[in-house]
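Take a look at the structure below.
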Amino acid sequence: MPWRGRLAFKTYNPNKHDKYGIKLYMLAESKTGYIFDFEIYAGIGKTTIEVVMGLIEPLKNNGYHLYIDNYYNLVRLSELLLEVGVYTCGTIRMLHGAPKTLQISAKGELPVDKTVFKRKDNTFIILWKDKRVVSLITTCHNVDTQEVKHRKRVRNRDGTSSVQQVTVNKPNTICDYSTNMKGVDHLDQMVKYYHFTRKHLKWMKKMTFYFLQMAIHNAYVMYKYYTTDRRKLITSFTGRSHFGTTVLSS
């Protein structure tokens, strides 16, 4: 949540559009962006494993698949979640518990469209290279691949360039991760459309409005899921709401 005022636990992230703000850890449903649970970072020395295990506590031993980015992912975390019946998939930084041989391979020159992996019981760490090396850890996939077509710019001998369609053997892990790792981003997108927070001298007031926006988003997701009316409330690309005759699947 953007915040530039004085606050002891305000964080700075140069990679974000809003570089200063209050950090929230969120657990979201991957398809709709429904926020199941969240926790505010308040400067307390909680480890990454404690944060994730706390958010996932109500969903243990139910066979859920959890998709995590490399900020949270650890080899030890994936093993702990697998012990409580939660399968994980996500990108991982090589220094977060990956074998030394894979760390060396990630720094070396892997051939394009090459897959390298290491396995320990049901935990796989996979390296795959297209334009760059992508590293993932999964407990709900193996190393099977699928043919994926995408466009690639190729430089010709005469100095010109052209766009060609190429086929690569992409691991299923990467395909599933790309499809499902977008729940929280969907919330951010919807909040930008219906942004009604205002500047405040008190961070509590702005946080309250942010919670209201989160509640409205969750209510809209539940409305789309449960309503049977053909004239369903839908969201246009301009960020406004109107009634139409298109029935959207949840």
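FYI, nothing fancy with the structure tokens labels: chains A, B, ... in order, residues from 1 per chain, ligands from 1 as they appear.
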Would you mind listing what lies within 12 Å of Lys107 in chain A as a ChimeraX atom specification, with only C-alpha atoms counted and same-chain residues fewer than 6 positions away left out? /A:93-95,100-101,127,129,132-135
Which residues, written as a PyMOL selection string, have at least one atom at most 9 Å from Leu55 in chain A, with only C-alpha atoms counted and residues fewer than 4 positions away on the same chain left out? chain A and resi 25-27+36-39+50-51+59
Limited to C-alpha atoms, could you put the picked residues into a file as a CSV table (one decimal), in the first residue's frame?
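See result.csv below for the written result:
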```
chain,number,residue,atom,x,y,z
A,25,TYR,CA,1.8,-10.5,2.9
A,26,MET,CA,-1.2,-11.8,1.0
A,27,LEU,CA,-2.6,-15.3,0.3
A,36,PHE,CA,-8.1,-15.4,1.7
A,37,ASP,CA,-5.8,-14.0,4.3
A,38,PHE,CA,-3.2,-11.3,4.8
A,39,GLU,CA,-0.7,-10.0,7.3
A,50,GLU,CA,6.8,-18.3,9.9
A,51,VAL,CA,4.9,-15.9,7.7
A,59,LEU,CA,-5.6,-24.8,4.6
```
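Considering only C-alpha atoms, the residue among A:Tyr67, A:Tyr225, A:Ile104, A:Pro171 positioned nearest to Ala28 in chain A is A:Tyr67.
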Nearest residue to Ile56 in chain A from the set A:Val86, A:His200, A:Tyr12, A:Arg155 (distances using only C-alpha atoms): A:Val86
From range 35-233 of chain A, collect each residue whose DSSP state is strand (DSSP E or B) and return the set as a PyMOL selection string. chain A and resi 35-40+65-68+87-91+115-120+123-129+133-138+145-155+161-171+233
Set the distance at 12 Å and use only C-alpha atoms: which residues neighbour His96 in chain A once local chain neighbours fewer than 3 positions away are removed? I'd like the list as a list of chain:residue names. A:Thr48, A:Ile49, A:Asn70, A:Tyr71, A:Tyr72, A:Asn73, A:Leu74, A:Val75, A:Arg76, A:Leu77, A:Ser78, A:Thr91, A:Ile92, A:Arg93, A:Pro99, A:Lys100, A:Leu102, A:Gln103, A:Ile125, A:Ser135, A:Leu136, A:Ile137
Which one of A:Phe196, A:Tyr20, A:Asn180, A:Lys149 sits closest to Gln165 in chain A if you count only C-alpha atoms? A:Lys149
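Distances here use only C-alpha atoms; by that measure, the residue among A:Thr115, A:Asn142, A:Thr123, A:Gln164 closest to Leu82 in chain A is A:Thr123.
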List the spatial neighbours of Asn218 in chain A as number ranges by chain - criterion: any atom at most 10 Å away, only C-alpha atoms, same-chain residues fewer than 2 positions off excluded. A: 32-36, 187, 212-216, 220-223
Okay, now the selection with N, CA, C and O atoms, as a PDB file, in the first residue's frame?
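Okay, this is what ended up in part.pdb:
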```pdb
ATOM      1  N   THR A  32      -9.206 -15.910  -9.347  1.00  0.00           N
ATOM      2  CA  THR A  32     -10.040 -14.711  -9.199  1.00  0.00           C
ATOM      3  C   THR A  32      -9.353 -13.596  -8.435  1.00  0.00           C
ATOM      4  O   THR A  32      -9.819 -12.461  -8.472  1.00  0.00           O
ATOM      5  N   GLY A  33      -8.274 -13.899  -7.710  1.00  0.00           N
ATOM      6  CA  GLY A  33      -7.635 -12.888  -6.893  1.00  0.00           C
ATOM      7  C   GLY A  33      -8.311 -12.659  -5.561  1.00  0.00           C
ATOM      8  O   GLY A  33      -8.013 -11.682  -4.872  1.00  0.00           O
ATOM      9  N   TYR A  34      -9.231 -13.555  -5.171  1.00  0.00           N
ATOM     10  CA  TYR A  34      -9.902 -13.424  -3.873  1.00  0.00           C
ATOM     11  C   TYR A  34      -8.865 -13.523  -2.755  1.00  0.00           C
ATOM     12  O   TYR A  34      -8.077 -14.469  -2.699  1.00  0.00           O
ATOM     13  N   ILE A  35      -8.852 -12.549  -1.847  1.00  0.00           N
ATOM     14  CA  ILE A  35      -7.879 -12.510  -0.765  1.00  0.00           C
ATOM     15  C   ILE A  35      -8.386 -13.372   0.382  1.00  0.00           C
ATOM     16  O   ILE A  35      -9.371 -13.033   1.039  1.00  0.00           O
ATOM     17  N   PHE A  36      -7.705 -14.492   0.591  1.00  0.00           N
ATOM     18  CA  PHE A  36      -8.103 -15.409   1.660  1.00  0.00           C
ATOM     19  C   PHE A  36      -7.598 -14.932   3.015  1.00  0.00           C
ATOM     20  O   PHE A  36      -8.310 -15.017   4.019  1.00  0.00           O
ATOM     21  N   LEU A 187      -5.746  -8.327  -7.772  1.00  0.00           N
ATOM     22  CA  LEU A 187      -6.249  -7.379  -6.769  1.00  0.00           C
ATOM     23  C   LEU A 187      -5.656  -5.999  -7.007  1.00  0.00           C
ATOM     24  O   LEU A 187      -6.389  -4.999  -6.989  1.00  0.00           O
ATOM     25  N   LEU A 212     -11.119  -1.459   2.903  1.00  0.00           N
ATOM     26  CA  LEU A 212     -12.436  -1.373   2.271  1.00  0.00           C
ATOM     27  C   LEU A 212     -12.367  -1.770   0.800  1.00  0.00           C
ATOM     28  O   LEU A 212     -13.254  -2.463   0.287  1.00  0.00           O
ATOM     29  N   GLN A 213     -11.314  -1.317   0.112  1.00  0.00           N
ATOM     30  CA  GLN A 213     -11.153  -1.706  -1.287  1.00  0.00           C
ATOM     31  C   GLN A 213     -10.961  -3.213  -1.418  1.00  0.00           C
ATOM     32  O   GLN A 213     -11.494  -3.845  -2.344  1.00  0.00           O
ATOM     33  N   MET A 214     -10.232  -3.804  -0.503  1.00  0.00           N
ATOM     34  CA  MET A 214     -10.035  -5.246  -0.509  1.00  0.00           C
ATOM     35  C   MET A 214     -11.359  -5.968  -0.275  1.00  0.00           C
ATOM     36  O   MET A 214     -11.659  -6.973  -0.941  1.00  0.00           O
ATOM     37  N   ALA A 215     -12.166  -5.456   0.651  1.00  0.00           N
ATOM     38  CA  ALA A 215     -13.463  -6.070   0.937  1.00  0.00           C
ATOM     39  C   ALA A 215     -14.407  -5.958  -0.260  1.00  0.00           C
ATOM     40  O   ALA A 215     -15.152  -6.899  -0.577  1.00  0.00           O
ATOM     41  N   ILE A 216     -14.377  -4.815  -0.947  1.00  0.00           N
ATOM     42  CA  ILE A 216     -15.223  -4.637  -2.129  1.00  0.00           C
ATOM     43  C   ILE A 216     -14.807  -5.605  -3.231  1.00  0.00           C
ATOM     44  O   ILE A 216     -15.650  -6.209  -3.913  1.00  0.00           O
ATOM     45  N   TYR A 220     -17.139  -8.545  -4.821  1.00  0.00           N
ATOM     46  CA  TYR A 220     -17.407  -8.630  -6.255  1.00  0.00           C
ATOM     47  C   TYR A 220     -17.082 -10.026  -6.789  1.00  0.00           C
ATOM     48  O   TYR A 220     -17.824 -10.584  -7.615  1.00  0.00           O
ATOM     49  N   VAL A 221     -15.987 -10.615  -6.304  1.00  0.00           N
ATOM     50  CA  VAL A 221     -15.631 -11.971  -6.718  1.00  0.00           C
ATOM     51  C   VAL A 221     -16.710 -12.963  -6.289  1.00  0.00           C
ATOM     52  O   VAL A 221     -17.129 -13.834  -7.070  1.00  0.00           O
ATOM     53  N   MET A 222     -17.186 -12.841  -5.043  1.00  0.00           N
ATOM     54  CA  MET A 222     -18.229 -13.739  -4.565  1.00  0.00           C
ATOM     55  C   MET A 222     -19.543 -13.526  -5.308  1.00  0.00           C
ATOM     56  O   MET A 222     -20.281 -14.478  -5.584  1.00  0.00           O
ATOM     57  N   TYR A 223     -19.836 -12.279  -5.653  1.00  0.00           N
ATOM     58  CA  TYR A 223     -21.048 -11.992  -6.423  1.00  0.00           C
ATOM     59  C   TYR A 223     -21.005 -12.698  -7.784  1.00  0.00           C
ATOM     60  O   TYR A 223     -21.978 -13.333  -8.207  1.00  0.00           O
TER      61      TYR A 223
END
```
Find the residue from A:Ile22, A:Asp130, A:His17, A:Gln146 that sits nearest to Trp203 in chain A; use only C-alpha atoms when measuring. A:Ile22
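Put simply, CA of Leu201 in chain A is 14.2 Å away from CA of Lys10 in chain A.
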Which neighbours of Thr197 in chain A fall inside 10 Å, counting only C-alpha atoms, when residues of the same chain fewer than 4 positions from it are skipped, and could you give them as a list in words? Val191, Lys205, Lys206, Met207, Thr208, Phe209, Tyr210, Leu212 and Gln213 of chain A
Could you take the residues named above and write them with N, CA, C and O atoms, as a CSV table (one decimal), in the first residue's frame?
```csv
chain,number,residue,atom,x,y,z
A,191,VAL,N,-7.8,-2.6,-7.7
A,191,VAL,CA,-7.7,-1.5,-6.8
A,191,VAL,C,-7.4,-0.2,-7.6
A,191,VAL,O,-7.9,0.9,-7.3
A,205,LYS,N,-5.8,5.8,8.7
A,205,LYS,CA,-7.0,6.1,7.8
A,205,LYS,C,-6.8,5.6,6.4
A,205,LYS,O,-7.8,5.0,5.9
A,206,LYS,N,-5.6,5.7,5.9
A,206,LYS,CA,-5.4,5.2,4.5
A,206,LYS,C,-5.5,3.7,4.5
A,206,LYS,O,-6.0,3.1,3.5
A,207,MET,N,-4.9,3.1,5.5
A,207,MET,CA,-5.0,1.6,5.6
A,207,MET,C,-6.5,1.1,5.7
A,207,MET,O,-6.8,0.1,5.1
A,208,THR,N,-7.3,1.9,6.4
A,208,THR,CA,-8.7,1.5,6.5
A,208,THR,C,-9.4,1.5,5.2
A,208,THR,O,-10.1,0.6,4.8
A,209,PHE,N,-9.1,2.6,4.4
A,209,PHE,CA,-9.7,2.6,3.0
A,209,PHE,C,-9.1,1.5,2.1
A,209,PHE,O,-9.9,1.0,1.3
A,210,TYR,N,-7.9,1.1,2.4
A,210,TYR,CA,-7.3,0.0,1.6
A,210,TYR,C,-8.0,-1.3,1.9
A,210,TYR,O,-8.3,-2.1,1.1
A,212,LEU,N,-11.1,-1.5,2.9
A,212,LEU,CA,-12.4,-1.4,2.3
A,212,LEU,C,-12.4,-1.8,0.8
A,212,LEU,O,-13.3,-2.5,0.3
A,213,GLN,N,-11.3,-1.3,0.1
A,213,GLN,CA,-11.2,-1.7,-1.3
A,213,GLN,C,-11.0,-3.2,-1.4
A,213,GLN,O,-11.5,-3.8,-2.3
```
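Among A:Leu66, A:Ala8, A:Ala98, A:Val112, the residue with the shortest atom-to-atom distance to Phe124 in chain A, counting only C-alpha atoms, is A:Ala98.
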